[in-house]
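J.: You'll find work02.txt just under this line, and it carries compact mmCIF, C-alpha atoms.
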# COMPACT_ATOMS: atom_id res chain seq x y z
CA MET A 711 22.35 126.29 83.01
CA SER A 712 25.21 127.63 85.06
CA THR A 713 26.20 124.09 86.05
CA GLU A 714 26.35 123.01 82.40
CA LYS A 715 28.56 125.99 81.50
CA GLU A 716 30.90 125.20 84.36
CA ASN A 717 31.17 121.58 83.19
CA GLU A 718 31.89 122.70 79.62
CA THR A 719 34.58 125.05 80.87
CA MET A 720 36.20 122.30 82.91
CA VAL A 721 36.19 119.91 79.95
CA SER A 722 37.55 122.46 77.49
CA LYS A 723 40.58 123.29 79.62
CA PRO A 724 43.31 120.65 79.24
CA ALA A 725 45.00 119.53 82.41
CA GLN A 726 48.42 121.13 82.82
CA SER A 727 51.29 118.67 83.07
CA THR A 728 53.49 118.99 86.12
CA MET A 729 56.32 117.05 84.45
CA LYS A 730 59.51 118.99 83.98
CA PRO A 731 60.24 119.75 80.29
CA GLY A 732 62.65 117.14 78.95
CA ALA A 733 62.18 114.80 81.91
CA TYR A 734 60.84 112.05 79.64
CA LEU A 735 63.90 112.17 77.35
CA ALA A 736 66.76 109.71 77.55
CA ASN A 737 69.90 110.88 79.31
CA PRO A 738 72.49 111.88 76.65
CA ALA A 739 75.29 112.32 79.19
CA PRO A 740 76.76 108.77 78.89
CA LEU A 741 77.25 109.15 75.13
CA ALA A 742 78.86 112.57 75.49
CA MET A 743 81.12 111.61 78.37
CA GLY A 744 81.94 108.24 76.80
CA GLY A 745 82.95 109.89 73.54
CA PHE A 746 85.10 112.36 75.43
CA ALA A 747 86.78 109.71 77.60
CA THR A 748 87.44 107.30 74.72
CA THR A 749 88.98 109.93 72.48
CA PHE A 750 90.94 111.62 75.22
CA LEU A 751 92.29 108.31 76.52
CA SER A 752 93.61 107.46 73.04
CA LEU A 753 95.39 110.80 72.76
CA SER A 754 96.74 110.54 76.30
CA LEU A 755 98.29 107.14 75.62
CA ALA A 756 99.96 108.57 72.51
CA MET A 757 101.25 111.53 74.52
CA MET A 758 102.83 109.09 76.96
CA LYS A 759 104.28 107.15 74.00
CA PHE A 760 102.54 103.99 75.18
CA ARG A 761 103.87 100.99 73.20
CA GLY A 762 105.92 103.35 71.06
CA VAL A 763 102.93 105.23 69.60
CA PHE A 764 103.42 108.99 69.34
CA THR A 765 101.80 110.08 66.06
CA GLN A 766 98.13 110.95 66.59
CA THR A 767 96.91 110.84 62.99
CA ILE A 768 95.29 107.42 63.41
CA PHE A 769 92.93 108.89 65.99
CA MET A 770 91.25 111.10 63.39
CA GLY A 771 88.17 108.88 63.46
CA ASP A 772 87.73 109.46 67.19
CA LEU A 773 88.49 113.17 66.96
CA CYS A 774 86.12 114.05 64.14
CA PHE A 775 83.37 111.44 64.46
CA VAL A 776 83.24 109.67 67.84
CA ALA A 777 83.87 112.83 69.86
CA GLY A 778 82.91 115.44 67.29
CA ILE A 779 79.54 114.18 66.07
CA GLY A 780 78.70 112.28 69.26
CA LEU A 781 79.22 115.28 71.52
CA LEU A 782 77.37 117.58 69.12
CA ILE A 783 74.28 115.37 69.14
CA SER A 784 74.43 114.89 72.91
CA ALA A 785 74.87 118.60 73.54
CA GLN A 786 71.67 119.46 71.66
CA TRP A 787 69.66 117.05 73.79
CA GLU A 788 71.22 118.44 76.95
CA MET A 789 69.94 121.83 75.80
CA VAL A 790 66.43 120.39 75.40
CA ARG A 791 66.66 118.93 78.91
CA GLY A 792 67.68 122.33 80.27
CA ASN A 793 71.17 121.34 81.44
CA THR A 794 73.25 124.46 80.74
CA PHE A 795 76.53 123.13 82.11
CA SER A 796 76.35 119.82 80.22
CA TYR A 797 75.27 121.59 77.03
CA THR A 798 78.11 124.12 77.16
CA TYR A 799 80.99 121.77 77.89
CA GLY A 800 79.59 119.15 75.49
CA LEU A 801 79.35 121.60 72.61
CA ALA A 802 82.58 123.40 73.41
CA TYR A 803 84.59 120.22 73.37
CA LEU A 804 82.92 119.08 70.20
CA GLU A 805 85.13 120.72 67.58
CA SER A 806 88.47 121.48 69.22
CA HIS A 807 91.62 119.54 70.48
CA HIS A 808 90.59 117.03 73.11
CA GLN A 809 86.78 117.19 73.04
CA ALA A 810 83.91 118.38 70.81
CA LEU A 811 84.48 121.78 69.13
CA PHE A 812 87.97 121.31 70.49
CA TYR A 813 88.23 117.76 69.15
CA GLY A 814 87.11 118.67 65.65
CA GLY A 815 89.45 121.65 65.43
CA TYR A 816 92.43 119.66 66.61
CA GLY A 817 91.50 116.85 64.22
CA VAL A 818 91.48 119.27 61.30
CA ILE A 819 95.01 120.40 62.20
CA LEU A 820 96.19 116.79 61.98
CA ILE A 821 94.76 116.09 58.51
CA PRO A 822 97.83 116.14 56.20
CA SER A 823 95.84 116.89 53.03
CA LEU A 824 94.69 120.25 54.41
CA GLY A 825 98.29 121.47 54.52
CA ILE A 826 98.08 123.22 57.89
CA ALA A 827 101.72 122.54 58.72
CA GLU A 828 102.81 123.41 55.17
CA ALA A 829 101.28 126.87 55.58
CA TYR A 830 103.97 127.49 58.23
CA GLY A 831 106.70 126.05 56.03
CA GLY A 832 106.58 122.70 57.83
CA TYR A 833 106.93 121.95 61.53
CA THR A 834 108.74 125.18 62.19
CA SER A 835 109.07 127.22 65.37
CA GLU A 836 106.14 129.37 64.27
CA TYR A 837 103.95 126.28 63.80
CA HIS A 838 104.71 124.95 67.27
CA ASN A 839 104.14 128.36 68.88
CA ALA A 840 100.82 128.73 67.05
CA LEU A 841 99.76 125.28 68.22
CA GLY A 842 100.77 126.24 71.74
CA PHE A 843 98.52 129.30 71.60
CA PHE A 844 95.69 127.15 70.27
CA VAL A 845 95.89 124.73 73.20
CA LEU A 846 96.62 127.37 75.86
CA ILE A 847 93.56 129.43 74.99
CA TRP A 848 91.45 126.30 75.38
CA ALA A 849 93.03 125.86 78.81
CA VAL A 850 91.68 129.32 79.69
CA PHE A 851 88.21 128.30 78.47
CA ASN A 852 88.38 125.02 80.39
CA LEU A 853 89.18 126.95 83.58
CA PHE A 854 85.58 128.16 83.69
CA PHE A 855 84.33 124.56 83.54
CA LEU A 856 86.70 123.66 86.37
CA LEU A 857 85.32 126.46 88.53
CA ALA A 858 81.73 125.46 87.74
CA SER A 859 82.44 121.80 88.52
CA CYS A 860 83.32 122.77 92.11
CA ALA A 861 79.59 123.20 92.72
CA LEU A 862 78.73 119.76 91.27
CA ASN A 863 80.81 116.80 92.44
CA ILE A 864 84.33 115.53 93.08
CA VAL A 865 84.45 113.38 89.93
CA TYR A 866 83.88 116.40 87.69
CA ILE A 867 86.47 118.37 89.64
CA ILE A 868 89.05 115.61 89.01
CA LEU A 869 88.05 115.44 85.35
CA PHE A 870 88.36 119.16 84.61
CA LEU A 871 91.41 119.61 86.81
CA GLY A 872 93.20 116.79 84.99
CA LEU A 873 92.12 118.27 81.69
CA GLU A 874 93.29 121.75 82.72
CA LEU A 875 96.76 120.51 83.69
CA CYS A 876 96.94 118.43 80.51
CA LEU A 877 96.17 121.43 78.32
CA ILE A 878 98.63 123.70 80.13
CA LEU A 879 101.45 121.15 79.90
CA ASP A 880 100.57 120.38 76.27
CA ALA A 881 100.81 124.08 75.41
CA ALA A 882 104.10 124.38 77.32
CA SER A 883 105.42 121.41 75.36
CA SER A 884 104.63 123.13 72.06
CA PHE A 885 106.31 126.34 73.21
CA ALA A 886 109.39 124.40 74.34
CA LEU A 887 109.54 122.66 70.98
CA GLY A 888 109.27 126.03 69.28
CA ASP A 889 112.34 127.11 71.24
CA GLY A 890 114.22 123.99 70.20
CA LEU A 891 114.08 122.33 73.63
CA VAL A 892 113.26 118.87 72.34
CA GLU A 893 113.96 116.88 75.51
CA ILE A 894 112.02 119.26 77.77
CA SER A 895 109.14 119.23 75.30
CA ALA A 896 109.04 115.43 75.35
CA ASN A 897 108.91 115.37 79.15
CA LEU A 898 106.14 117.96 79.23
CA ILE A 899 104.00 116.08 76.71
CA THR A 900 104.43 112.88 78.71
CA ALA A 901 103.27 114.65 81.87
CA ALA A 902 100.33 116.11 79.92
CA GLY A 903 99.36 112.61 78.82
CA ALA A 904 99.42 111.39 82.42
CA PHE A 905 96.95 114.06 83.54
CA GLY A 906 94.84 113.39 80.46
CA PHE A 907 94.77 109.71 81.43
CA ILE A 908 93.41 110.63 84.87
CA ALA A 909 90.75 112.87 83.31
CA SER A 910 89.72 110.05 80.98
CA LEU A 911 89.26 107.62 83.86
CA ALA A 912 87.08 110.19 85.62
CA GLY A 913 85.03 110.43 82.43
CA TYR A 914 84.51 106.67 82.33
CA TYR A 915 83.50 106.71 86.00
CA SER A 916 80.88 109.31 85.15
CA VAL A 917 79.56 107.08 82.35
CA LEU A 918 79.29 104.17 84.78
CA GLN A 919 77.43 106.31 87.28
CA SER A 920 74.89 107.50 84.68
CA LEU A 921 74.21 103.98 83.38
CA CYS A 922 73.92 102.48 86.86
CA GLU A 923 71.52 105.21 87.92
CA ASP A 924 69.37 104.67 84.83
CA SER A 925 69.43 100.88 84.40
CA LEU A 926 70.39 99.29 87.72
CA PRO A 927 68.76 99.43 91.16
CA PHE A 928 71.76 101.21 92.65
CA SER A 929 74.05 104.13 91.94
CA ILE A 930 77.70 104.83 92.64
CA PRO A 931 78.81 107.97 94.50
CA MET A 932 80.07 111.02 92.61
CA GLY A 933 81.08 112.95 95.71
CA ASP A 934 78.39 115.62 95.73
CA THR A 935 79.78 119.06 96.58
CA SER A 936 76.70 121.18 95.85
CA ARG A 937 75.58 121.48 99.48
CA ALA A 938 79.02 122.41 100.76
CA TRP A 939 79.43 124.87 97.90
CA LYS A 940 76.09 126.55 98.66
CA ARG A 941 76.98 126.88 102.32
CA TRP A 942 80.35 128.36 101.43
CA CYS A 943 78.88 130.82 98.92
CA LYS A 944 75.95 131.83 101.09
CA LYS A 945 76.06 135.53 101.86
CA ALA A 946 74.65 137.31 104.87
CA PRO A 947 71.53 139.38 104.10
CA LEU A 948 72.31 142.97 103.33
CA GLN A 949 71.25 145.41 106.02
CA THR A 950 69.20 148.34 104.80
CA PRO A 951 70.44 151.73 105.96
CA LYS A 952 68.47 153.22 108.82
CA ARG A 953 66.25 156.14 108.03
CA GLU A 954 66.75 159.45 109.80
CA GLU A 955 63.30 159.14 111.45
CA ASP A 956 64.32 155.79 113.00
CA MET A 957 67.59 157.22 114.21
CA VAL A 958 65.77 160.07 115.87
Show the structure stored in the file as structure tokens.
T.:
Amino acid sequence: MSTEKENETMVSKPAQSTMKPGAYLANPAPLAMGGFATTFLSLSLAMMKFRGVFTQTIFMGDLCFVAGIGLLISAQWEMVRGNTFSYTYGLAYLESHHQALFYGGYGVILIPSLGIAEAYGGYTSEYHNALGFFVLIWAVFNLFFLLASCALNIVYIILFLGLELCLILDAASSFALGDGLVEISANLITAAGAFGFIASLAGYYSVLQSLCEDSLPFSIPMGDTSRAWKRWCKKAPLQTPKREEDMV
């Protein structure tokens, strides 16, 4: 009788899976990083006035749909997979200036029918200063991603460093334009586009690495920095204060 009960107990208990939650899901990183790199590269080329293109309105499709929706969807799946860093930067850059929340927000500013510029009386000094604040605050937010990327790999460091410098120079360009310094503003926006171009190439490299790792029998190096970062951040164990009895 006891043997039968033990067998029933063993059958009734389902075997616990040792698979990590989300491990069976497809990797959403290539879509997120590809949407970021494609959109950011388009804007960077316009910043550098490549082939005489400066107006960014034509990139609304990339800003609001390719980057906006694509990064939003990818970010949710990164959350399911348990990747906090990928989820946060993917969602953050989904609706703002150069990525997701950032991409969408910047895209909204560029839509003429919404009358954003008209609310400031046109492209006035106040408008350019407000746009400078918008971009500069995102540079502050991006700084946290740059610091976090130091514990990941060199490619991410290049990506977020290029993005950080692009945002800072972009904001400085808007402030210079608000002060009437047209030539200085043009030089700053060109420099911002150059750093954005570098960040975009790093994004494409990351896409290539993810696809090679998933579909091909080899992978390309990302320059892992996690081990060096852990060694650098490792702290010595705290010494507990000696008790009076031990001292005696």
J.: Give me, please, the distance in Å between atom CA of A:Ala756 and atom CA of A:Asp889, quoted to one decimal.
T.: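 Computed distance, atom CA of A:Ala756 to atom CA of A:Asp889, equals 22.3 Å.
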J.: Around all the atoms of stretch 914-918 of chain A listed in the file, draw an axis-aligned box and extend it by 4 Å on each of the six sides; I want its centre and edge lengths in Å to one decimal, as AutoDock Vina command-line options.
T.:
--center_x 81.9 --center_y 106.7 --center_z 84.2 --size_x 13.2 --size_y 13.1 --size_z 11.7
J.: Env of A:Arg937: 10 Å cut, atoms = all atoms listed in the file, seq-sep filter 6 positions within chain, self excluded. Answer as a list in words.
T.: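 Returned residues: Ala861, Leu862, Asn863 and Cys943 of chain A.
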J.: So that I can see what lies close to stretch 833-847 of chain A, please list as a VMD selection string the residues with an atom at most 7 Å from it, counting all atoms listed in the file and leaving out residues fewer than 2 positions away in the same chain.
T.: chain A and resid 827 830 to 831 849 to 851 877 to 878 881 to 882 884 to 885 887 to 889
J.: By how many Å are atom CA of A:Phe769 and atom CA of A:Ala902 apart?
T.: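 Straight-line distance from atom CA of A:Phe769 to atom CA of A:Ala902 works out to 17.3 Å.
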J.: With a distance cut-off of 10 Å and all atoms listed in the file, select the neighbouring residues of A:Cys860, excluding the residue or stretch itself and same-chain residues fewer than 6 positions from it, and output the selection as an MDAnalysis selection string.
T.: chainID A and resid 866:868 870 934:936 938:939
J.: Those residues you just picked out, can you put them in a file as a PDB file, keeping the file's coordinate frame with C-alpha atoms?
T.:
ATOM      1  CA  TYR A 866      83.880 116.400  87.690  1.00  0.00           C
ATOM      2  CA  ILE A 867      86.470 118.370  89.640  1.00  0.00           C
ATOM      3  CA  ILE A 868      89.050 115.610  89.010  1.00  0.00           C
ATOM      4  CA  PHE A 870      88.360 119.160  84.610  1.00  0.00           C
ATOM      5  CA  ASP A 934      78.390 115.620  95.730  1.00  0.00           C
ATOM      6  CA  THR A 935      79.780 119.060  96.580  1.00  0.00           C
ATOM      7  CA  SER A 936      76.700 121.180  95.850  1.00  0.00           C
ATOM      8  CA  ALA A 938      79.020 122.410 100.760  1.00  0.00           C
ATOM      9  CA  TRP A 939      79.430 124.870  97.900  1.00  0.00           C
TER      10      TRP A 939
END
J.: Kindly give the distance, in Å, that separates atom CA of A:Phe854 and atom CA of A:Asp880, rounded to a single decimal.
T.: 18.4 Å
J.: Do a neighbour search on A:Ala901 at 9 Å with all atoms listed in the file, toss out local chain neighbours closer than 5 positions, and write the hits as a list in words.
T.: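 Skipping anything fewer than 5 positions along the chain leaves Met757, Met758, Leu875, Cys876, Leu879, Asp880, Ala896 and Gly906 of chain A.
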J.: As a list of chain:residue names, please: the residues near A:Leu751 (cut-off 7 Å, all atoms listed in the file, same-chain neighbours under 4 positions excluded).
T.: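 Near neighbours after the sequence-gap exclusion: A:Ala747, A:Leu755, A:Gly906, A:Phe907, A:Ser910.
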J.: Go through A:Leu857, A:Lys759, A:Leu753, A:Gly825 and flag the residue nearest A:Asn897, using only C-alpha atoms for the distances.
T.: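 Distance minimum relative to A:Asn897 lands on A:Lys759.
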J.: Save stretch 803-950 of chain A to disk from that block, C-alpha atoms included, as a compact mmCIF listing (two decimals), in the first residue's frame.
T.:
# COMPACT_ATOMS: atom_id res chain seq x y z
CA TYR A 803 14.30 55.44 -26.93
CA LEU A 804 10.94 54.44 -28.29
CA GLU A 805 9.08 57.75 -28.14
CA SER A 806 11.68 60.52 -28.03
CA HIS A 807 14.25 62.22 -30.44
CA HIS A 808 16.67 59.62 -31.74
CA GLN A 809 15.22 56.34 -30.46
CA ALA A 810 11.95 54.88 -29.08
CA LEU A 811 10.13 57.14 -26.57
CA PHE A 812 12.70 59.65 -27.70
CA TYR A 813 12.07 58.93 -31.38
CA GLY A 814 8.30 59.28 -31.12
CA GLY A 815 8.51 62.52 -29.15
CA TYR A 816 10.95 64.08 -31.58
CA GLY A 817 8.82 62.89 -34.49
CA VAL A 818 5.77 64.61 -33.03
CA ILE A 819 7.70 67.89 -32.83
CA LEU A 820 8.45 67.65 -36.55
CA ILE A 821 4.83 67.12 -37.66
CA PRO A 822 3.79 70.50 -39.15
CA SER A 823 0.05 69.93 -38.69
CA LEU A 824 0.43 69.78 -34.90
CA GLY A 825 1.64 73.37 -34.84
CA ILE A 826 4.43 72.88 -32.30
CA ALA A 827 6.59 75.61 -33.80
CA GLU A 828 3.59 77.91 -34.26
CA ALA A 829 2.92 77.73 -30.52
CA TYR A 830 6.24 79.58 -30.08
CA GLY A 831 5.40 82.08 -32.80
CA GLY A 832 7.49 80.21 -35.37
CA TYR A 833 11.14 79.19 -35.19
CA THR A 834 11.94 81.80 -32.60
CA SER A 835 14.69 81.95 -30.01
CA GLU A 836 12.32 80.47 -27.44
CA TYR A 837 11.55 77.53 -29.73
CA HIS A 838 15.21 76.70 -30.28
CA ASN A 839 16.00 77.02 -26.56
CA ALA A 840 13.07 74.74 -25.69
CA LEU A 841 14.26 72.19 -28.23
CA GLY A 842 17.74 72.44 -26.74
CA PHE A 843 16.36 71.63 -23.28
CA PHE A 844 14.42 68.71 -24.74
CA VAL A 845 17.54 67.15 -26.26
CA LEU A 846 19.88 68.02 -23.37
CA ILE A 847 17.69 66.32 -20.78
CA TRP A 848 17.74 63.18 -22.91
CA ALA A 849 21.53 63.44 -22.90
CA VAL A 850 21.37 63.29 -19.09
CA PHE A 851 19.15 60.19 -19.29
CA ASN A 852 21.45 58.57 -21.85
CA LEU A 853 24.40 59.08 -19.49
CA PHE A 854 23.04 56.33 -17.26
CA PHE A 855 22.97 53.92 -20.22
CA LEU A 856 26.56 54.88 -21.03
CA LEU A 857 27.65 54.08 -17.48
CA ALA A 858 25.78 50.77 -17.51
CA SER A 859 27.28 49.81 -20.88
CA CYS A 860 30.76 49.92 -19.33
CA ALA A 861 29.92 46.61 -17.64
CA LEU A 862 28.78 44.99 -20.91
CA ASN A 863 31.02 45.38 -23.95
CA ILE A 864 33.06 47.84 -26.02
CA VAL A 865 30.50 48.04 -28.85
CA TYR A 866 27.80 49.30 -26.49
CA ILE A 867 30.25 51.76 -24.96
CA ILE A 868 30.98 53.19 -28.44
CA LEU A 869 27.27 53.29 -29.24
CA PHE A 870 26.17 55.16 -26.12
CA LEU A 871 29.23 57.40 -26.05
CA GLY A 872 28.60 58.45 -29.65
CA LEU A 873 24.95 58.99 -28.83
CA GLU A 874 25.82 61.02 -25.73
CA LEU A 875 28.14 63.35 -27.67
CA CYS A 876 25.57 63.63 -30.45
CA LEU A 877 22.84 64.70 -28.04
CA ILE A 878 25.07 67.20 -26.24
CA LEU A 879 26.23 68.80 -29.49
CA ASP A 880 22.68 68.78 -30.87
CA ALA A 881 21.44 70.62 -27.77
CA ALA A 882 24.34 73.09 -28.00
CA SER A 883 23.43 73.71 -31.63
CA SER A 884 19.86 74.59 -30.68
CA PHE A 885 21.06 76.94 -27.94
CA ALA A 886 23.48 78.61 -30.36
CA LEU A 887 20.69 79.06 -32.88
CA GLY A 888 18.54 80.56 -30.14
CA ASP A 889 21.30 83.12 -29.57
CA GLY A 890 21.47 83.91 -33.28
CA LEU A 891 24.81 82.19 -33.86
CA VAL A 892 23.82 80.54 -37.12
CA GLU A 893 27.28 79.51 -38.34
CA ILE A 894 28.33 78.04 -34.98
CA SER A 895 25.03 76.20 -34.77
CA ALA A 896 25.58 74.67 -38.21
CA ASN A 897 29.05 73.46 -37.24
CA LEU A 898 27.75 71.95 -34.00
CA ILE A 899 24.93 70.08 -35.73
CA THR A 900 27.39 68.69 -38.28
CA ALA A 901 29.63 67.43 -35.48
CA ALA A 902 26.58 65.94 -33.76
CA GLY A 903 25.71 64.09 -36.97
CA ALA A 904 29.23 62.66 -37.16
CA PHE A 905 29.00 61.15 -33.67
CA GLY A 906 25.49 59.91 -34.45
CA PHE A 907 26.89 58.21 -37.55
CA ILE A 908 29.44 56.37 -35.40
CA ALA A 909 26.73 55.30 -32.94
CA SER A 910 24.61 54.01 -35.83
CA LEU A 911 27.46 51.87 -37.16
CA ALA A 912 27.93 50.40 -33.69
CA GLY A 913 24.21 49.59 -33.68
CA TYR A 914 24.48 47.76 -37.00
CA TYR A 915 27.49 45.84 -35.70
CA SER A 916 25.40 44.73 -32.74
CA VAL A 917 22.66 43.53 -35.11
CA LEU A 918 25.23 41.52 -37.07
CA GLN A 919 26.55 39.96 -33.89
CA SER A 920 23.07 38.91 -32.71
CA LEU A 921 22.14 37.37 -36.07
CA CYS A 922 25.46 35.55 -36.44
CA GLU A 923 25.18 34.15 -32.95
CA ASP A 924 21.64 32.93 -33.59
CA SER A 925 21.80 31.70 -37.20
CA LEU A 926 25.44 31.00 -38.07
CA PRO A 927 28.01 28.63 -36.57
CA PHE A 928 30.20 31.52 -35.45
CA SER A 929 29.95 34.84 -33.65
CA ILE A 930 31.81 38.11 -33.93
CA PRO A 931 33.47 39.74 -30.91
CA MET A 932 31.74 42.53 -28.99
CA GLY A 933 34.69 43.25 -26.72
CA ASP A 934 33.36 41.87 -23.45
CA THR A 935 34.14 44.13 -20.50
CA SER A 936 32.07 42.41 -17.81
CA ARG A 937 34.97 40.50 -16.25
CA ALA A 938 37.25 43.52 -16.10
CA TRP A 939 34.40 45.62 -14.72
CA LYS A 940 33.67 43.08 -11.97
CA ARG A 941 37.32 42.94 -10.98
CA TRP A 942 37.49 46.72 -10.88
CA CYS A 943 34.30 47.06 -8.84
CA LYS A 944 35.10 44.23 -6.45
CA LYS A 945 35.33 45.49 -2.90
CA ALA A 946 37.34 44.05 -0.05
CA PRO A 947 35.22 42.28 2.59
CA LEU A 948 34.27 44.53 5.44
CA GLN A 949 36.02 43.73 8.71
CA THR A 950 33.74 43.36 11.69
